[in-house]
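**Q** The file below is model_0.pdb, PDB, C-alpha atoms:
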```pdb
ATOM      1  CA  MET A   1      14.257   5.300 -95.751
ATOM      2  CA  ASN A   2      10.597   5.025 -96.644
ATOM      3  CA  VAL A   3       9.233   8.108 -94.900
ATOM      4  CA  SER A   4       5.829   7.917 -96.591
ATOM      5  CA  GLY A   5       5.463   4.351 -95.335
ATOM      6  CA  ASN A   6       6.066   5.514 -91.771
ATOM      7  CA  VAL A   7       3.517   8.296 -92.101
ATOM      8  CA  THR A   8       0.967   5.814 -93.480
ATOM      9  CA  LEU A   9       1.602   3.554 -90.481
ATOM     10  CA  VAL A  10       1.022   6.453 -88.070
ATOM     11  CA  ILE A  11      -2.216   7.494 -89.781
ATOM     12  CA  GLU A  12      -3.448   3.899 -89.817
ATOM     13  CA  TYR A  13      -3.184   3.628 -86.030
ATOM     14  CA  ARG A  14      -4.067   7.224 -85.200
ATOM     15  CA  ASP A  15      -6.376   7.620 -82.208
ATOM     16  CA  SER A  16      -9.648   9.487 -82.117
ATOM     17  CA  LEU A  17      -9.490  13.023 -80.688
ATOM     18  CA  PHE A  18     -11.008  11.976 -77.345
ATOM     19  CA  LYS A  19      -8.669   9.009 -76.944
ATOM     20  CA  ALA A  20      -5.628  11.067 -77.966
ATOM     21  CA  VAL A  21      -6.451  13.801 -75.440
ATOM     22  CA  THR A  22      -7.059  11.206 -72.703
ATOM     23  CA  LYS A  23      -3.735   9.477 -73.311
ATOM     24  CA  ASN A  24      -1.806  12.749 -73.406
ATOM     25  CA  VAL A  25      -3.441  13.961 -70.182
ATOM     26  CA  ILE A  26      -2.562  10.666 -68.448
ATOM     27  CA  VAL A  27       1.068  10.873 -69.606
ATOM     28  CA  VAL A  28       1.446  14.543 -68.624
ATOM     29  CA  VAL A  29      -0.156  14.024 -65.187
ATOM     30  CA  LEU A  30       2.022  10.979 -64.462
ATOM     31  CA  SER A  31       5.199  12.722 -65.618
ATOM     32  CA  ILE A  32       4.485  15.878 -63.603
ATOM     33  CA  SER A  33       3.710  13.792 -60.501
ATOM     34  CA  ILE A  34       6.893  11.711 -60.815
ATOM     35  CA  ASN A  35       9.093  14.720 -61.540
ATOM     36  CA  TYR A  36       7.537  16.748 -58.709
ATOM     37  CA  ILE A  37       8.344  13.978 -56.234
ATOM     38  CA  ASN A  38      11.818  13.532 -57.700
ATOM     39  CA  ALA A  39      12.439  17.293 -57.555
ATOM     40  CA  SER A  40      11.542  17.211 -53.843
ATOM     41  CA  LEU A  41      14.038  14.380 -53.347
ATOM     42  CA  ILE A  42      16.788  16.330 -55.127
ATOM     43  CA  GLN A  43      15.989  19.463 -53.115
ATOM     44  CA  THR A  44      16.204  17.428 -49.904
ATOM     45  CA  PHE A  45      19.582  16.029 -50.984
ATOM     46  CA  ARG A  46      20.863  19.479 -51.983
ATOM     47  CA  LYS A  47      19.921  21.194 -48.710
ATOM     48  CA  HIS A  48      21.526  18.706 -46.318
ATOM     49  CA  GLN A  49      25.280  18.242 -46.263
ATOM     50  CA  ILE A  50      24.987  14.855 -44.585
ATOM     51  CA  PHE A  51      24.041  13.281 -47.931
ATOM     52  CA  TYR A  52      27.031  14.754 -49.795
ATOM     53  CA  THR A  53      29.494  12.402 -48.104
ATOM     54  CA  ASN A  54      27.434   9.213 -48.448
ATOM     55  CA  PRO A  55      28.008   7.271 -51.720
ATOM     56  CA  ARG A  56      24.593   5.613 -51.416
ATOM     57  CA  TYR A  57      22.734   8.922 -51.573
ATOM     58  CA  ILE A  58      25.016  10.332 -54.273
ATOM     59  CA  LEU A  59      24.171   7.349 -56.494
ATOM     60  CA  PHE A  60      20.512   7.739 -55.579
ATOM     61  CA  CYS A  61      20.513  11.443 -56.465
ATOM     62  CA  HIS A  62      22.164  10.664 -59.803
ATOM     63  CA  LEU A  63      19.511   8.032 -60.488
ATOM     64  CA  VAL A  64      16.721  10.506 -59.696
ATOM     65  CA  ILE A  65      18.207  13.233 -61.938
ATOM     66  CA  ASN A  66      18.701  10.672 -64.699
ATOM     67  CA  ASP A  67      15.072   9.541 -64.352
ATOM     68  CA  MET A  68      13.808  13.137 -64.513
ATOM     69  CA  ILE A  69      15.709  13.774 -67.749
ATOM     70  CA  GLN A  70      14.486  10.485 -69.212
ATOM     71  CA  VAL A  71      10.845  11.173 -68.310
ATOM     72  CA  CYS A  72      10.992  14.692 -69.781
ATOM     73  CA  LEU A  73      12.528  13.472 -73.050
ATOM     74  CA  THR A  74      10.141  10.562 -73.558
ATOM     75  CA  VAL A  75       7.096  12.685 -72.696
ATOM     76  CA  VAL A  76       8.187  15.389 -75.172
ATOM     77  CA  LEU A  77       8.560  12.707 -77.855
ATOM     78  CA  PHE A  78       5.159  11.266 -76.930
ATOM     79  CA  LEU A  79       3.450  14.667 -77.176
ATOM     80  CA  LEU A  80       5.206  15.492 -80.451
ATOM     81  CA  SER A  81       4.005  12.217 -81.945
ATOM     82  CA  TYR A  82       0.414  13.424 -81.440
ATOM     83  CA  ILE A  83       0.865  17.143 -82.135
ATOM     84  CA  LEU A  84       3.214  17.092 -85.140
ATOM     85  CA  TYR A  85       3.220  13.368 -86.060
ATOM     86  CA  THR A  86       6.565  13.791 -87.850
ATOM     87  CA  ILE A  87       9.599  15.922 -87.011
ATOM     88  CA  ASN A  88      12.950  16.699 -88.617
ATOM     89  CA  THR A  89      15.187  13.613 -88.569
ATOM     90  CA  SER A  90      18.199  15.467 -87.114
ATOM     91  CA  VAL A  91      16.078  16.735 -84.196
ATOM     92  CA  CYS A  92      14.659  13.247 -83.729
ATOM     93  CA  CYS A  93      18.178  11.768 -83.620
ATOM     94  CA  ALA A  94      19.210  14.217 -80.895
ATOM     95  CA  PHE A  95      16.138  13.399 -78.775
ATOM     96  CA  ILE A  96      16.557   9.645 -79.247
ATOM     97  CA  LEU A  97      20.263   9.731 -78.358
ATOM     98  CA  MET A  98      19.678  11.538 -75.062
ATOM     99  CA  ALA A  99      16.718   9.284 -74.231
ATOM    100  CA  LEU A 100      18.874   6.212 -74.915
ATOM    101  CA  PHE A 101      21.735   7.504 -72.745
ATOM    102  CA  THR A 102      19.456   8.011 -69.757
ATOM    103  CA  THR A 103      17.528   4.773 -70.361
ATOM    104  CA  GLU A 104      20.694   2.667 -70.411
ATOM    105  CA  ASN A 105      22.105   4.515 -67.389
ATOM    106  CA  THR A 106      19.289   3.342 -65.117
ATOM    107  CA  PRO A 107      20.018  -0.424 -64.826
ATOM    108  CA  LEU A 108      23.765   0.278 -64.510
ATOM    109  CA  ASN A 109      23.122   2.798 -61.725
ATOM    110  CA  VAL A 110      20.807   0.363 -59.935
ATOM    111  CA  ALA A 111      23.439  -2.384 -60.183
ATOM    112  CA  CYS A 112      26.022  -0.040 -58.619
ATOM    113  CA  MET A 113      23.594   0.761 -55.780
ATOM    114  CA  ALA A 114      23.106  -2.965 -55.167
ATOM    115  CA  VAL A 115      26.886  -3.443 -54.932
ATOM    116  CA  GLU A 116      27.170  -0.537 -52.473
ATOM    117  CA  CYS A 117      24.398  -2.104 -50.384
ATOM    118  CA  TYR A 118      26.241  -5.452 -50.419
ATOM    119  CA  ILE A 119      29.522  -3.847 -49.293
ATOM    120  CA  ALA A 120      27.751  -1.950 -46.486
ATOM    121  CA  ILE A 121      26.179  -5.137 -45.094
ATOM    122  CA  CYS A 122      28.719  -7.864 -45.891
ATOM    123  CA  LEU A 123      31.949  -5.836 -45.642
ATOM    124  CA  PRO A 124      31.062  -3.103 -43.126
ATOM    125  CA  LEU A 125      34.625  -2.575 -41.882
ATOM    126  CA  ARG A 126      35.891  -1.900 -45.407
ATOM    127  CA  HIS A 127      32.904   0.115 -46.608
ATOM    128  CA  SER A 128      34.412   3.524 -45.873
ATOM    129  CA  GLN A 129      37.636   2.532 -47.660
ATOM    130  CA  ILE A 130      35.991   1.049 -50.766
ATOM    131  CA  CYS A 131      33.011   3.403 -51.175
ATOM    132  CA  THR A 132      34.533   6.864 -51.147
ATOM    133  CA  VAL A 133      32.931  10.009 -52.570
ATOM    134  CA  LYS A 134      35.690  10.353 -55.179
ATOM    135  CA  ARG A 135      35.195   6.771 -56.391
ATOM    136  CA  THR A 136      31.437   7.284 -56.483
ATOM    137  CA  TYR A 137      31.709  10.247 -58.851
ATOM    138  CA  PHE A 138      34.212   8.284 -60.946
ATOM    139  CA  LEU A 139      31.682   5.442 -61.073
ATOM    140  CA  ILE A 140      28.944   7.820 -62.262
ATOM    141  CA  GLY A 141      31.285   9.021 -65.013
ATOM    142  CA  LEU A 142      31.940   5.386 -65.943
ATOM    143  CA  ILE A 143      28.188   4.725 -66.147
ATOM    144  CA  TRP A 144      27.767   7.597 -68.610
ATOM    145  CA  MET A 145      30.832   6.527 -70.598
ATOM    146  CA  THR A 146      29.467   2.977 -70.895
ATOM    147  CA  SER A 147      26.093   4.230 -72.136
ATOM    148  CA  VAL A 148      27.703   6.624 -74.620
ATOM    149  CA  ILE A 149      29.986   3.878 -76.002
ATOM    150  CA  SER A 150      26.946   1.610 -76.339
ATOM    151  CA  VAL A 151      24.718   4.146 -78.134
ATOM    152  CA  ILE A 152      26.956   6.515 -80.100
ATOM    153  CA  PRO A 153      27.846   3.921 -82.829
ATOM    154  CA  ASP A 154      24.198   4.190 -83.933
ATOM    155  CA  LEU A 155      24.847   7.825 -84.880
ATOM    156  CA  PHE A 156      28.197   7.184 -86.569
ATOM    157  CA  ILE A 157      26.885   4.253 -88.653
ATOM    158  CA  THR A 158      23.821   6.266 -89.671
ATOM    159  CA  LEU A 159      25.991   9.236 -90.677
ATOM    160  CA  ALA A 160      28.190   6.923 -92.734
ATOM    161  CA  THR A 161      25.433   4.989 -94.504
ATOM    162  CA  MET A 162      22.546   7.418 -95.000
ATOM    163  CA  PRO A 163      22.459  10.268 -97.561
ATOM    164  CA  ILE A 164      22.359  13.886 -96.389
ATOM    165  CA  GLU A 165      18.739  14.136 -97.594
ATOM    166  CA  PHE A 166      17.732  11.650 -94.917
ATOM    167  CA  PHE A 167      18.707  14.067 -92.131
ATOM    168  CA  GLN A 168      16.719  16.847 -93.809
ATOM    169  CA  SER A 169      13.566  14.734 -94.125
ATOM    170  CA  GLU A 170      10.813  14.243 -91.537
ATOM    171  CA  VAL A 171      10.016  10.998 -89.733
ATOM    172  CA  PHE A 172       7.742   9.648 -87.042
ATOM    173  CA  CYS A 173      10.299   9.753 -84.229
ATOM    174  CA  LEU A 174      11.313   6.284 -83.087
ATOM    175  CA  ARG A 175      14.711   4.676 -82.662
ATOM    176  CA  GLU A 176      14.023   2.497 -85.711
ATOM    177  CA  THR A 177      13.258   5.516 -87.915
ATOM    178  CA  ALA A 178      16.090   7.713 -86.610
ATOM    179  CA  PHE A 179      18.687   4.943 -86.953
ATOM    180  CA  PRO A 180      17.305   2.593 -89.637
ATOM    181  CA  ASN A 181      20.387   0.518 -90.529
ATOM    182  CA  PRO A 182      19.497  -3.199 -89.960
ATOM    183  CA  LEU A 183      22.982  -3.871 -88.526
ATOM    184  CA  LEU A 184      22.106  -1.611 -85.597
ATOM    185  CA  LEU A 185      19.291  -3.934 -84.541
ATOM    186  CA  GLN A 186      21.745  -6.846 -84.310
ATOM    187  CA  LYS A 187      24.226  -4.675 -82.389
ATOM    188  CA  ARG A 188      21.452  -3.598 -80.036
ATOM    189  CA  GLN A 189      20.414  -7.194 -79.318
ATOM    190  CA  VAL A 190      23.997  -8.213 -78.478
ATOM    191  CA  THR A 191      24.528  -5.139 -76.281
ATOM    192  CA  TYR A 192      21.258  -5.616 -74.424
ATOM    193  CA  MET A 193      22.031  -9.289 -73.841
ATOM    194  CA  LEU A 194      25.373  -8.343 -72.271
ATOM    195  CA  TYR A 195      23.637  -5.718 -70.108
ATOM    196  CA  LEU A 196      20.983  -8.230 -69.100
ATOM    197  CA  VAL A 197      23.484 -10.901 -68.039
ATOM    198  CA  LEU A 198      25.826  -8.480 -66.245
ATOM    199  CA  VAL A 199      23.183  -6.583 -64.283
ATOM    200  CA  TRP A 200      21.218  -9.666 -63.260
ATOM    201  CA  MET A 201      24.368 -11.479 -62.153
ATOM    202  CA  ILE A 202      25.119  -8.507 -59.883
ATOM    203  CA  ILE A 203      21.549  -8.333 -58.528
ATOM    204  CA  ILE A 204      21.347 -12.094 -57.838
ATOM    205  CA  TYR A 205      24.836 -12.305 -56.316
ATOM    206  CA  THR A 206      24.327  -9.343 -53.972
ATOM    207  CA  TYR A 207      20.849 -10.571 -52.975
ATOM    208  CA  PHE A 208      22.010 -14.022 -51.903
ATOM    209  CA  LYS A 209      25.103 -12.707 -50.134
ATOM    210  CA  ILE A 210      22.918 -10.289 -48.162
ATOM    211  CA  LEU A 211      20.304 -13.036 -47.640
ATOM    212  CA  PHE A 212      22.818 -15.304 -45.909
ATOM    213  CA  THR A 213      24.073 -12.384 -43.842
ATOM    214  CA  ALA A 214      20.517 -11.366 -42.902
ATOM    215  CA  LYS A 215      19.752 -14.761 -41.326
ATOM    216  CA  THR A 216      22.008 -14.078 -38.372
ATOM    217  CA  ALA A 217      22.553 -10.350 -38.583
ATOM    218  CA  SER A 218      20.806  -7.142 -37.754
ATOM    219  CA  LYS A 219      17.573  -5.565 -38.885
ATOM    220  CA  ASP A 220      19.597  -3.402 -41.300
ATOM    221  CA  ALA A 221      20.744  -6.516 -43.174
ATOM    222  CA  ARG A 222      17.178  -7.745 -43.558
ATOM    223  CA  LYS A 223      16.119  -4.304 -44.772
ATOM    224  CA  ALA A 224      19.010  -4.311 -47.258
ATOM    225  CA  ARG A 225      17.798  -7.667 -48.568
ATOM    226  CA  ASP A 226      14.346  -6.183 -49.195
ATOM    227  CA  THR A 227      15.969  -3.194 -50.903
ATOM    228  CA  ILE A 228      17.794  -5.546 -53.287
ATOM    229  CA  ILE A 229      14.456  -7.178 -54.132
ATOM    230  CA  LEU A 230      13.043  -3.752 -55.014
ATOM    231  CA  HIS A 231      16.164  -3.050 -57.076
ATOM    232  CA  GLY A 232      15.576  -6.346 -58.883
ATOM    233  CA  PHE A 233      11.976  -5.390 -59.664
ATOM    234  CA  GLN A 234      13.148  -1.979 -60.843
ATOM    235  CA  VAL A 235      15.769  -3.561 -63.097
ATOM    236  CA  LEU A 236      13.183  -6.014 -64.419
ATOM    237  CA  LEU A 237      10.980  -3.117 -65.528
ATOM    238  CA  CYS A 238      13.978  -1.265 -66.981
ATOM    239  CA  MET A 239      15.066  -4.373 -68.854
ATOM    240  CA  ALA A 240      11.678  -4.411 -70.573
ATOM    241  CA  THR A 241      13.183  -1.621 -72.683
ATOM    242  CA  TYR A 242      15.604  -4.176 -74.093
ATOM    243  CA  ALA A 243      12.726  -6.294 -75.364
ATOM    244  CA  GLU A 244      10.565  -3.345 -76.439
ATOM    245  CA  HIS A 245      11.187  -3.829 -80.183
ATOM    246  CA  VAL A 246      10.181  -7.509 -80.064
ATOM    247  CA  LEU A 247       7.248  -6.681 -77.791
ATOM    248  CA  LYS A 248       5.878  -4.101 -80.248
ATOM    249  CA  ILE A 249       6.028  -6.610 -83.101
ATOM    250  CA  ALA A 250       4.201  -9.179 -80.952
ATOM    251  CA  LEU A 251       1.536  -6.650 -79.924
ATOM    252  CA  LYS A 252       0.880  -5.797 -83.569
ATOM    253  CA  GLU A 253       0.363  -9.511 -84.284
ATOM    254  CA  TRP A 254      -1.823 -10.185 -81.243
ATOM    255  CA  PHE A 255      -3.914  -6.985 -81.126
ATOM    256  CA  PRO A 256      -4.004  -5.510 -84.655
ATOM    257  CA  ARG A 257      -7.226  -3.607 -83.989
ATOM    258  CA  ASN A 258      -5.980  -2.124 -80.707
ATOM    259  CA  TYR A 259      -2.350  -1.634 -81.678
ATOM    260  CA  ALA A 260      -2.272   2.048 -80.664
ATOM    261  CA  ASP A 261      -3.693   1.196 -77.219
ATOM    262  CA  SER A 262      -1.153  -1.615 -76.842
ATOM    263  CA  LEU A 263       1.689   0.780 -77.676
ATOM    264  CA  PHE A 264       0.379   3.225 -75.067
ATOM    265  CA  ALA A 265       0.276   0.519 -72.383
ATOM    266  CA  CYS A 266       3.781  -0.559 -73.422
ATOM    267  CA  TYR A 267       4.998   3.036 -73.108
ATOM    268  CA  ILE A 268       3.563   3.428 -69.584
ATOM    269  CA  VAL A 269       5.034   0.129 -68.350
ATOM    270  CA  VAL A 270       8.444   0.432 -70.033
ATOM    271  CA  GLN A 271       9.170   4.174 -69.824
ATOM    272  CA  ILE A 272       7.096   5.681 -66.989
ATOM    273  CA  LEU A 273       6.524   3.001 -64.333
ATOM    274  CA  PRO A 274      10.219   2.170 -63.603
ATOM    275  CA  ARG A 275      10.830   5.861 -62.829
ATOM    276  CA  SER A 276       8.213   5.800 -60.058
ATOM    277  CA  ILE A 277      10.068   3.165 -58.026
ATOM    278  CA  SER A 278      13.171   5.180 -57.088
ATOM    279  CA  PRO A 279      11.240   7.500 -54.705
ATOM    280  CA  ILE A 280       9.801   4.436 -52.956
ATOM    281  CA  ILE A 281      13.179   2.779 -52.392
ATOM    282  CA  TYR A 282      14.871   5.736 -50.677
ATOM    283  CA  GLY A 283      12.338   8.551 -50.432
ATOM    284  CA  VAL A 284       9.907   6.438 -48.402
ATOM    285  CA  ARG A 285      11.782   3.351 -47.101
ATOM    286  CA  ASP A 286      15.085   4.916 -46.049
ATOM    287  CA  LYS A 287      14.744   6.174 -42.477
ATOM    288  CA  MET A 288      17.275   9.017 -42.640
ATOM    289  CA  PHE A 289      16.210  10.320 -46.037
ATOM    290  CA  ARG A 290      12.531  10.075 -45.032
ATOM    291  CA  LYS A 291      13.201  12.207 -41.962
ATOM    292  CA  TYR A 292      14.819  15.016 -43.944
ATOM    293  CA  LEU A 293      12.265  14.743 -46.760
ATOM    294  CA  ARG A 294       9.397  15.117 -44.280
ATOM    295  CA  ARG A 295      11.122  18.124 -42.743
ATOM    296  CA  HIS A 296      11.602  19.680 -46.203
ATOM    297  CA  LEU A 297       7.947  19.137 -47.161
ATOM    298  CA  LEU A 298       6.674  20.530 -43.845
ATOM    299  CA  CYS A 299       8.824  23.648 -44.268
ATOM    300  CA  ARG A 300       7.443  24.113 -47.780
ATOM    301  CA  VAL A 301       3.846  23.796 -46.560
ATOM    302  CA  LYS A 302       4.472  26.331 -43.762
ATOM    303  CA  SER A 303       6.105  28.818 -46.137
ATOM    304  CA  GLU A 304       3.130  28.559 -48.504
ATOM    305  CA  HIS A 305       0.668  29.299 -45.699
ATOM    306  CA  ASN A 306       2.640  32.294 -44.365
TER     307      ASN A 306
END
```
For this file, produce the structure as structure tokens.

**A**
Amino acid sequence: MNVSGNVTLVIEYRDSLFKAVTKNVIVVVLSISINYINASLIQTFRKHQIFYTNPRYILFCHLVINDMIQVCLTVVLFLLSYILYTINTSVCCAFILMALFTTENTPLNVACMAVECYIAICLPLRHSQICTVKRTYFLIGLIWMTSVISVIPDLFITLATMPIEFFQSEVFCLRETAFPNPLLLQKRQVTYMLYLVLVWMIIIYTYFKILFTAKTASKDARKARDTIILHGFQVLLCMATYAEHVLKIALKEWFPRNYADSLFACYIVVQILPRSISPIIYGVRDKMFRKYLRRHLLCRVKSEHN
């Protein structure tokens, strides 16, 4: 592992003090805003028993918690890249692993929510039998197991192929520097392609099934169709993570003088923006959740004034 080469690359594209402060302020403000909203959503879920028995809201709450963890981890890594530039490789590996788990959880969770929406609209009489609370928690466990199985080989292969000195060195913390074996890039491309095909097949199938139902059915079916579209947009942004490595190479070729700015824009679009959509889908659009969220926020405002 050429650590000095990585440090040289970082120094070459290092921002001016003003630009670095501006970018860090933007990232911190966005992350605090997203996590504040998401924390309000979780608090609303936690305080009202009605959500505990509904698989849709359980999956939504899991998605929100997952997004909060992912935002915190990526923001910490972003800030460390400016404050320390390089960190211990073992610490970097731990951060990257957790960030990868939560990143890969998101499209799987969204796909599960789309399936639940399809069952509720197209198979309403069987919804309560198929979508039980117990099965929902089992499904969440399966989501985590799938992500772990996908990511953990990176650690095992790195442990098997890299010398002990590598884990004691310092690197600029990226997935490519924490897990540098070239075989892992090929494994990642195959895994991401499978994810891409599977998730999009689910999104497209559920959308068209709900679309045909919505033509002659209730307002709820039409609203469910719009929700699937939002899920599709959310997945599209999440899937940008799968092409992030190729995108970074292309940005370096296209904008060599503004590479650092391109990486920042890539970070906002790929890591931050998808996490701002979840509150819109259920925190704002869902009638029942919106009612309890408004009540929770009003109670908080009153308590602050008293």

**Q** From the set A:Ile119, A:Asn258, A:Val171, A:Met288, which residue has the shortest atom-to-atom contact distance to A:Lys209, counting all atoms listed in the file?

**A**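 Checking each of A:Ile119, A:Asn258, A:Val171, A:Met288 against A:Lys209, counting all atoms listed in the file, the winner is A:Ile119.
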
**Q** Residues picked by the PyMOL selection byres ((chain A and resi 84-93) around 10) here, as a ChimeraX atom specification?

**A** /A:3,6-7,10-11,14,77-83,94-99,154-155,158,165-175,177-179

**Q** Write out, as an mmCIF file, in the frame of the given file, the residues just selected, with C-alpha atoms.

**A**
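What follows is the written file again.cif:
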```cif
data_model
loop_
_atom_site.group_PDB
_atom_site.id
_atom_site.type_symbol
_atom_site.label_atom_id
_atom_site.label_comp_id
_atom_site.auth_asym_id
_atom_site.auth_seq_id
_atom_site.Cartn_x
_atom_site.Cartn_y
_atom_site.Cartn_z
ATOM 1 C CA VAL A 3 9.233 8.108 -94.900
ATOM 2 C CA ASN A 6 6.066 5.514 -91.771
ATOM 3 C CA VAL A 7 3.517 8.296 -92.101
ATOM 4 C CA VAL A 10 1.022 6.453 -88.070
ATOM 5 C CA ILE A 11 -2.216 7.494 -89.781
ATOM 6 C CA ARG A 14 -4.067 7.224 -85.200
ATOM 7 C CA LEU A 77 8.560 12.707 -77.855
ATOM 8 C CA PHE A 78 5.159 11.266 -76.930
ATOM 9 C CA LEU A 79 3.450 14.667 -77.176
ATOM 10 C CA LEU A 80 5.206 15.492 -80.451
ATOM 11 C CA SER A 81 4.005 12.217 -81.945
ATOM 12 C CA TYR A 82 0.414 13.424 -81.440
ATOM 13 C CA ILE A 83 0.865 17.143 -82.135
ATOM 14 C CA ALA A 94 19.210 14.217 -80.895
ATOM 15 C CA PHE A 95 16.138 13.399 -78.775
ATOM 16 C CA ILE A 96 16.557 9.645 -79.247
ATOM 17 C CA LEU A 97 20.263 9.731 -78.358
ATOM 18 C CA MET A 98 19.678 11.538 -75.062
ATOM 19 C CA ALA A 99 16.718 9.284 -74.231
ATOM 20 C CA ASP A 154 24.198 4.190 -83.933
ATOM 21 C CA LEU A 155 24.847 7.825 -84.880
ATOM 22 C CA THR A 158 23.821 6.266 -89.671
ATOM 23 C CA GLU A 165 18.739 14.136 -97.594
ATOM 24 C CA PHE A 166 17.732 11.650 -94.917
ATOM 25 C CA PHE A 167 18.707 14.067 -92.131
ATOM 26 C CA GLN A 168 16.719 16.847 -93.809
ATOM 27 C CA SER A 169 13.566 14.734 -94.125
ATOM 28 C CA GLU A 170 10.813 14.243 -91.537
ATOM 29 C CA VAL A 171 10.016 10.998 -89.733
ATOM 30 C CA PHE A 172 7.742 9.648 -87.042
ATOM 31 C CA CYS A 173 10.299 9.753 -84.229
ATOM 32 C CA LEU A 174 11.313 6.284 -83.087
ATOM 33 C CA ARG A 175 14.711 4.676 -82.662
ATOM 34 C CA THR A 177 13.258 5.516 -87.915
ATOM 35 C CA ALA A 178 16.090 7.713 -86.610
ATOM 36 C CA PHE A 179 18.687 4.943 -86.953
#
```

**Q** Using only C-alpha atoms, which of the listed residues (A:Leu30, A:Met162, A:Ile69, A:Met113) sits closest to A:Leu139?

**A**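 Ranked by minimum distance to A:Leu139, first place goes to A:Met113.
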
**Q** For the PyMOL selection byres ((chain A and resi 144) around 10), applied here, can you spell out every residue it catches as a list in words?

**A**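 Checking the PyMOL selection byres ((chain A and resi 144) around 10) against this file, the residues are Phe101, Thr102, Glu104, Asn105, Leu108, Asn109, Leu139, Ile140, Gly141, Leu142, Ile143, Met145, Thr146, Ser147, Val148, Ile149 and Ser150 of chain A.
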
**Q** Distance atom CA of A:Phe156-atom CA of A:Leu183, one decimal place?

**A**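 If I compute the distance from atom CA of A:Phe156 to atom CA of A:Leu183, I get 12.4 Å.
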
**Q** Do you have the atom CA of A:Ala250-atom CA of A:Arg188 distance handy?

**A**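 Interatomic distance here is 18.2 Å.
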